[in-house]
file coords_20.txt (compact mmCIF, C-alpha atoms)
# COMPACT_ATOMS: atom_id res chain seq x y z
CA MET J 1 13.47 14.13 7.21
CA LYS J 2 10.45 16.31 6.52
CA VAL J 3 7.26 14.61 7.63
CA LEU J 4 4.77 17.43 8.16
CA PRO J 5 2.94 18.40 6.11
CA PHE J 6 2.73 14.85 4.83
CA LYS J 7 2.01 14.95 1.10
CA ILE J 8 0.02 12.11 -0.40
CA PRO J 9 1.63 11.04 -3.71
CA LYS J 10 -1.10 11.78 -6.23
CA PRO J 11 -0.94 10.72 -9.88
CA GLU J 12 -1.30 13.66 -12.23
CA ASN J 13 -4.91 14.46 -13.19
CA ASP J 14 -6.34 12.05 -10.58
CA THR J 15 -8.90 13.62 -8.24
CA LEU J 16 -9.29 10.42 -6.23
CA VAL J 17 -6.44 8.28 -4.92
CA VAL J 18 -7.06 4.71 -3.80
CA GLN J 19 -4.30 3.22 -1.64
CA GLU J 20 -4.24 -0.37 -0.47
CA ASP J 21 -1.71 -1.32 2.21
CA ARG J 22 -0.84 -4.87 3.19
CA VAL J 23 2.09 -4.27 5.50
CA PRO J 24 3.60 -5.62 8.72
CA MET J 25 3.62 -2.07 10.07
CA LEU J 26 1.67 1.02 9.02
CA TYR J 27 3.29 4.42 8.56
CA ASP J 28 3.46 5.28 12.23
CA LYS J 29 4.56 8.92 12.17
CA LEU J 30 2.16 11.67 13.13
CA HIS J 31 1.17 13.41 9.89
CA GLN J 32 -1.48 15.50 8.19
CA HIS J 33 -2.53 16.15 4.60
CA GLN J 34 -4.89 18.33 2.64
CA GLU J 35 -6.93 15.38 1.44
CA ILE J 36 -9.91 13.91 3.28
CA GLN J 37 -9.14 10.28 4.06
CA ILE J 38 -11.60 7.38 4.23
CA SER J 39 -10.00 4.18 5.55
CA LEU J 40 -11.32 0.65 6.00
CA ILE J 41 -9.38 -1.70 8.27
CA LYS J 42 -9.70 -5.05 6.49
CA LYS J 43 -7.31 -6.80 8.85
CA GLY J 44 -5.25 -5.91 11.90
CA GLU J 45 -5.50 -3.88 15.07
CA GLY J 46 -3.56 -1.26 16.95
CA SER J 47 -3.67 2.24 18.41
CA CYS J 48 -4.65 5.46 16.70
CA ILE J 49 -4.32 9.12 17.51
CA ILE J 50 -6.64 11.47 15.60
CA GLY J 51 -6.52 15.09 16.70
CA ASP J 52 -6.67 14.85 20.50
CA HIS J 53 -8.41 11.45 20.40
CA VAL J 54 -6.46 8.41 21.58
CA GLY J 55 -8.08 5.07 20.81
CA GLU J 56 -7.83 1.74 19.03
CA PHE J 57 -8.55 0.44 15.56
CA ASN J 58 -9.77 -3.06 14.78
CA GLU J 59 -10.80 -5.21 11.84
CA GLY J 60 -13.92 -3.82 10.17
CA ASP J 61 -13.48 -0.24 11.42
CA ILE J 62 -13.99 2.65 9.02
CA PHE J 63 -12.45 6.05 9.76
CA ILE J 64 -12.93 9.41 8.04
CA ILE J 65 -10.18 11.94 8.67
CA GLY J 66 -10.69 15.55 7.60
CA GLU J 67 -8.35 17.99 5.91
CA ASN J 68 -5.11 18.73 7.79
CA LEU J 69 -6.18 16.77 10.87
CA PRO J 70 -3.04 15.31 12.51
CA HIS J 71 -3.26 11.53 12.91
CA VAL J 72 -1.31 8.31 13.19
CA PHE J 73 -2.16 4.60 13.11
CA HIS J 74 0.25 2.43 15.08
CA ASN J 75 0.34 -1.35 15.17
CA ASP J 76 2.61 -4.04 16.62
CA PRO J 77 4.30 -5.94 13.74
CA SER J 78 4.55 -9.06 15.89
CA GLU J 79 0.76 -9.39 15.78
CA GLY J 80 0.60 -9.86 11.99
CA GLU J 81 0.11 -7.64 8.97
CA VAL J 82 -2.41 -4.84 8.61
CA HIS J 83 -4.60 -4.58 5.53
CA MET J 84 -6.01 -1.08 5.04
CA ILE J 85 -7.88 0.37 2.07
CA SER J 86 -7.89 4.17 1.92
CA LEU J 87 -9.41 6.82 -0.33
CA PHE J 88 -7.90 10.31 -0.52
CA PHE J 89 -9.69 13.24 -2.11
CA MET J 90 -10.09 16.99 -1.84
CA LYS J 91 -13.53 18.58 -1.94
CA SER J 92 -12.12 21.27 -4.23
CA GLY J 93 -10.69 18.62 -6.55
CA TYR J 94 -14.03 18.46 -8.37
CA GLY J 95 -14.49 22.23 -8.52
CA ASP J 96 -15.24 24.65 -5.71
CA ASP J 97 -19.00 24.31 -6.11
CA PHE J 98 -19.35 20.59 -6.90
CA PHE J 99 -20.25 19.44 -3.38
CA LYS J 100 -22.47 22.51 -2.93
CA LEU J 101 -24.99 21.08 -5.37
CA PRO J 102 -28.34 20.31 -3.70
CA GLU J 103 -27.88 16.60 -4.50
CA PHE J 104 -25.04 16.50 -1.95
CA LYS J 105 -26.88 18.18 0.93
CA SER J 106 -26.96 14.90 2.89
CA LEU J 107 -23.14 14.87 2.89
CA GLU J 108 -22.77 18.19 4.72
CA PRO J 109 -22.89 16.67 8.25
CA VAL J 110 -20.26 14.10 7.25
CA PHE J 111 -17.85 16.68 5.83
CA LYS J 112 -18.36 18.91 8.87
CA ALA J 113 -17.76 16.08 11.37
CA SER J 114 -14.73 14.82 9.43
CA ALA J 115 -12.84 17.94 10.52
CA LEU J 116 -12.64 16.28 13.97
CA GLY J 117 -12.27 12.71 12.75
CA ILE J 118 -15.02 10.09 12.50
CA ARG J 119 -15.34 6.40 13.23
CA LEU J 120 -18.47 4.69 11.92
CA LYS J 121 -20.36 2.93 14.71
CA LYS J 122 -21.32 -0.27 12.88
CA PRO J 123 -20.37 -0.04 9.19
CA SER J 124 -22.78 -1.82 6.87
CA GLU J 125 -21.62 -4.72 4.73
CA THR J 126 -22.68 -2.73 1.66
CA LEU J 127 -20.27 0.07 2.52
CA GLN J 128 -17.43 -2.34 3.25
CA HIS J 129 -17.96 -4.12 -0.07
CA LEU J 130 -17.94 -0.80 -1.95
CA LEU J 131 -14.61 0.10 -0.41
CA GLU J 132 -13.17 -3.35 -1.07
CA ARG J 133 -14.11 -3.26 -4.76
CA ILE J 134 -13.25 0.33 -5.67
CA ASN J 135 -9.63 -0.47 -6.49
CA GLN J 136 -10.77 -2.92 -9.16
CA SER J 137 -12.77 -0.32 -11.12
CA ALA J 138 -11.82 1.76 -14.14
CA LYS J 139 -11.70 5.54 -13.61
CA LEU J 140 -15.31 6.40 -14.40
CA ASN J 141 -16.71 3.44 -12.46
CA ARG J 142 -14.35 4.31 -9.62
CA PHE J 143 -15.83 7.79 -9.45
CA ILE J 144 -19.36 6.37 -9.46
CA SER J 145 -18.38 3.96 -6.66
CA PHE J 146 -16.88 6.89 -4.77
CA LEU J 147 -20.20 8.74 -4.85
CA GLU J 148 -21.97 5.56 -3.72
CA ILE J 149 -19.51 5.31 -0.83
CA LEU J 150 -20.22 8.89 0.24
CA GLN J 151 -23.96 8.25 0.01
CA ALA J 152 -23.62 5.08 2.12
CA ILE J 153 -21.53 6.93 4.72
CA SER J 154 -24.21 9.63 5.01
CA LYS J 155 -26.66 6.94 6.20
CA GLU J 156 -24.32 5.49 8.84
CA LYS J 157 -24.20 6.33 12.53
CA ILE J 158 -21.00 8.23 13.22
CA ILE J 159 -18.83 8.77 16.28
CA THR J 160 -16.93 12.06 16.35
CA LEU J 161 -13.46 11.46 17.75
CA SER J 162 -11.58 14.68 18.47
CA SER J 163 -12.77 17.72 20.41
CA ASP J 164 -13.86 21.02 18.93
CA ILE J 165 -10.87 22.66 20.59
CA HIS J 166 -8.53 20.60 18.45
CA ASN J 167 -9.78 21.98 15.13
CA LYS J 168 -6.30 23.01 13.96
CA SER J 169 -3.35 21.72 12.00
CA TYR J 170 0.33 21.83 12.92
CA GLY J 171 3.05 23.81 11.22
CA GLU J 172 6.08 21.82 10.13
CA GLU J 173 8.31 22.59 13.14
CA GLU J 174 5.52 22.12 15.66
CA GLY J 175 4.36 18.99 13.85
CA LYS J 176 7.80 17.43 14.06
CA ARG J 177 7.95 18.11 17.80
CA MET J 178 4.52 16.58 18.40
CA ARG J 179 5.40 13.66 16.13
CA ASP J 180 8.50 12.91 18.23
CA ILE J 181 6.47 13.07 21.45
CA PHE J 182 3.72 10.79 20.11
CA GLU J 183 6.16 8.32 18.57
CA PHE J 184 8.14 8.04 21.81
CA SER J 185 4.94 7.55 23.82
CA LEU J 186 3.54 4.87 21.51
CA ASN J 187 6.82 2.95 21.56
CA HIS J 188 7.57 3.23 25.30
CA TYR J 189 4.19 3.42 27.08
CA ASP J 190 4.96 0.11 28.84
CA GLN J 191 7.98 1.69 30.55
CA ASN J 192 8.33 4.22 33.34
CA ILE J 193 8.18 7.59 31.54
CA SER J 194 8.94 10.73 33.52
CA LEU J 195 7.92 14.26 32.60
CA HIS J 196 11.60 15.22 32.58
CA GLN J 197 12.26 12.52 30.02
CA VAL J 198 9.49 13.44 27.60
CA ALA J 199 10.07 17.17 28.09
CA GLY J 200 13.66 16.56 27.03
CA ILE J 201 12.43 15.10 23.73
CA ALA J 202 10.53 18.35 23.15
CA ASN J 203 13.60 20.39 24.23
CA MET J 204 11.60 22.08 26.98
CA THR J 205 11.52 22.33 30.73
CA PRO J 206 8.86 20.10 32.34
CA ASN J 207 6.66 23.07 33.26
CA ALA J 208 6.86 24.58 29.77
CA PHE J 209 6.21 21.19 28.20
CA CYS J 210 3.11 20.59 30.34
CA ARG J 211 1.62 23.93 29.26
CA TYR J 212 2.60 23.36 25.62
CA PHE J 213 1.11 19.86 25.45
CA LYS J 214 -2.14 20.84 27.17
CA GLN J 215 -2.66 23.79 24.82
CA ARG J 216 -2.26 21.58 21.74
CA THR J 217 -4.07 18.42 22.76
CA ASN J 218 -6.66 19.62 25.28
CA LYS J 219 -5.34 17.11 27.82
CA THR J 220 -2.35 16.71 30.09
CA TYR J 221 0.50 14.49 28.98
CA ILE J 222 -0.20 12.19 31.94
CA ASN J 223 -3.79 11.68 30.77
CA PHE J 224 -2.65 11.22 27.16
CA LEU J 225 -0.21 8.50 28.26
CA LEU J 226 -2.91 6.96 30.44
CA ASP J 227 -5.23 6.72 27.42
CA ILE J 228 -2.56 4.81 25.49
CA ARG J 229 -1.92 2.45 28.39
CA ILE J 230 -5.59 1.72 29.06
CA GLY J 231 -6.13 1.17 25.33
CA ASN J 232 -3.38 -1.43 25.29
CA ALA J 233 -4.80 -3.06 28.41
CA CYS J 234 -8.22 -3.35 26.73
CA LYS J 235 -6.67 -5.09 23.75
CA LEU J 236 -4.78 -7.56 25.97
CA LEU J 237 -7.81 -8.26 28.14
CA ALA J 238 -9.86 -9.14 25.07
CA LYS J 239 -7.21 -11.08 23.14
CA LYS J 240 -4.71 -12.54 25.61
CA THR J 241 -6.83 -14.72 27.87
CA ASP J 242 -3.71 -16.57 29.04
CA LEU J 243 -2.41 -13.42 30.75
CA SER J 244 -3.48 -12.53 34.26
CA ILE J 245 -4.77 -9.03 34.99
CA ALA J 246 -1.61 -8.36 36.98
CA GLU J 247 0.52 -9.30 33.95
CA ILE J 248 -1.58 -7.10 31.68
CA SER J 249 -1.23 -4.25 34.14
CA TYR J 250 2.55 -4.58 34.01
CA LYS J 251 2.68 -4.91 30.21
CA SER J 252 0.60 -1.74 29.89
CA GLY J 253 2.97 0.39 31.93
CA PHE J 254 1.46 0.15 35.41
CA ASN J 255 3.66 -0.96 38.28
CA ASN J 256 0.82 -1.11 40.79
CA LEU J 257 -2.22 -3.37 40.31
CA THR J 258 -4.44 -1.33 42.62
CA ASN J 259 -3.65 1.85 40.67
CA PHE J 260 -4.31 0.04 37.39
CA ASN J 261 -7.72 -1.18 38.57
CA ARG J 262 -8.65 2.29 39.80
CA LYS J 263 -7.53 4.09 36.62
CA PHE J 264 -9.16 1.50 34.37
CA LYS J 265 -12.53 1.85 36.10
CA SER J 266 -12.35 5.65 36.08
CA ILE J 267 -11.96 5.63 32.27
CA LYS J 268 -14.00 2.59 31.22
CA GLY J 269 -16.62 2.62 33.97
CA ILE J 270 -16.02 -1.06 34.80
CA THR J 271 -13.18 -3.07 36.30
CA PRO J 272 -10.65 -4.95 34.14
CA SER J 273 -12.27 -8.25 35.22
CA GLU J 274 -15.71 -7.06 34.14
CA PHE J 275 -14.30 -5.80 30.85
CA ARG J 276 -12.71 -9.17 30.14
CA LYS J 277 -15.99 -11.01 30.84
CA LYS J 278 -17.83 -8.73 28.39
CA THR J 279 -15.31 -9.05 25.56
CA VAL J 280 -14.03 -12.62 25.73

call {"tool": "encode", "arguments": {"input": "coords_20.txt", "output": "structure tokens"}}
result
Amino acid sequence: MKVLPFKIPKPENDTLVVQEDRVPMLYDKLHQHQEIQISLIKKGEGSCIIGDHVGEFNEGDIFIIGENLPHVFHNDPSEGEVHMISLFFMKSGYGDDFFKLPEFKSLEPVFKASALGIRLKKPSETLQHLLERINQSAKLNRFISFLEILQAISKEKIITLSSDIHNKSYGEEEGKRMRDIFEFSLNHYDQNISLHQVAGIANMTPNAFCRYFKQRTNKTYINFLLDIRIGNACKLLAKKTDLSIAEISYKSGFNNLTNFNRKFKSIKGITPSEFRKKTV
């Protein structure tokens, strides 16, 4: 099945696509598309990979994903449905010079940062309401709301997610290989994964795979997997207060509590116990 490049189904003559998903599980394959994507998480939580960024998404988050930036949102269906509202548009869809008008100068930093993926630090209620209501508008009002959304985003504090090094898209063959690696990792991070095992998925020797993965993600596979595991541990520490830290360590793919505590602190700057006290 061809997945990359992932083509957003766009109605003919529509320059803006609004997609509302209420699903037990999001489309969890690594993909990319020409459109810029603005997504509001109305409900749900899970992991996300955007460029070389590995992190989490939670209720109330707003992400902006630039053109051809590989990404995936992954959630656990057992934890309930995810409600996501997304806008898809191309800057050129309104004419090559439309967003070059002086009225849109304040949007330039947003468009530039979107190439590496953005999460808004603390989205305003006004922006969330605009995104929630846009699907209820007729075409002209939808376009006006879209401009209001862009204006509101330009006033928000943004967090750039991916690194400058990862300012590239994947070709179809390479994209499929990376998709298989990411999908396997997201589904099996709680198990003992060897380099031989994951290199086999990529049809490479371990040494060749390590070089290949580092060149394309700006991090080693071990660190990539560690990011996924620590992200899951953070979610469990905050939500599953009935689980001990040892149990969370095991469920996140660590078979040694001391190693878990050490790795967690090296990434988060605090111990798992301190993290739980701050978030519960």

call {"tool": "closest_residue", "arguments": {"input": "coords_20.txt", "among": "J:Gln151, J:Tyr212, J:Leu69, J:Leu237", "to": "Glu103 of chain J", "atoms": "only C-alpha atoms"}}
result
J:Gln151

call {"tool": "atom_distance", "arguments": {"input": "coords_20.txt", "atom1": "atom CA of Cys234 of chain J", "atom2": "atom CA of Asn261 of chain J"}}
result
12.0 Å

call {"tool": "residues_around", "arguments": {"input": "coords_20.txt", "residues": "segment 38-42 of chain J", "least_positions_apart": "6", "cutoff": "12 Å", "atoms": "only C-alpha atoms", "output": "ChimeraX atom specification"}}
result
/J:16-23,26,56-67,73,75,81-90,110-111,114,117-120,123-125,127-134,146,149-150,153

call {"tool": "residues_near_point", "arguments": {"input": "coords_20.txt", "point": "(-8.4, 20.3, -5.3)", "cutoff": "12 Å", "atoms": "all atoms listed in the file", "output": "MDAnalysis selection string"}}
result
chainID J and resid 10 12:16 34:36 67 88:98

call {"tool": "residues_near_point", "arguments": {"input": "coords_20.txt", "point": "(-14.9, 17.1, 17.4)", "cutoff": "9 Å", "atoms": "all atoms listed in the file", "output": "short mmCIF file (atom, residue, chain, number, x, y, z; two decimals) with C-alpha atoms, in the coordinates of the input"}}
result
data_model
loop_
_atom_site.label_atom_id
_atom_site.label_comp_id
_atom_site.auth_asym_id
_atom_site.auth_seq_id
_atom_site.Cartn_x
_atom_site.Cartn_y
_atom_site.Cartn_z
CA GLY J 51 -6.52 15.09 16.70
CA ALA J 113 -17.76 16.08 11.37
CA SER J 114 -14.73 14.82 9.43
CA ALA J 115 -12.84 17.94 10.52
CA LEU J 116 -12.64 16.28 13.97
CA GLY J 117 -12.27 12.71 12.75
CA ILE J 118 -15.02 10.09 12.50
CA THR J 160 -16.93 12.06 16.35
CA LEU J 161 -13.46 11.46 17.75
CA SER J 162 -11.58 14.68 18.47
CA SER J 163 -12.77 17.72 20.41
CA ASP J 164 -13.86 21.02 18.93
CA ILE J 165 -10.87 22.66 20.59
CA HIS J 166 -8.53 20.60 18.45
CA ASN J 167 -9.78 21.98 15.13
#
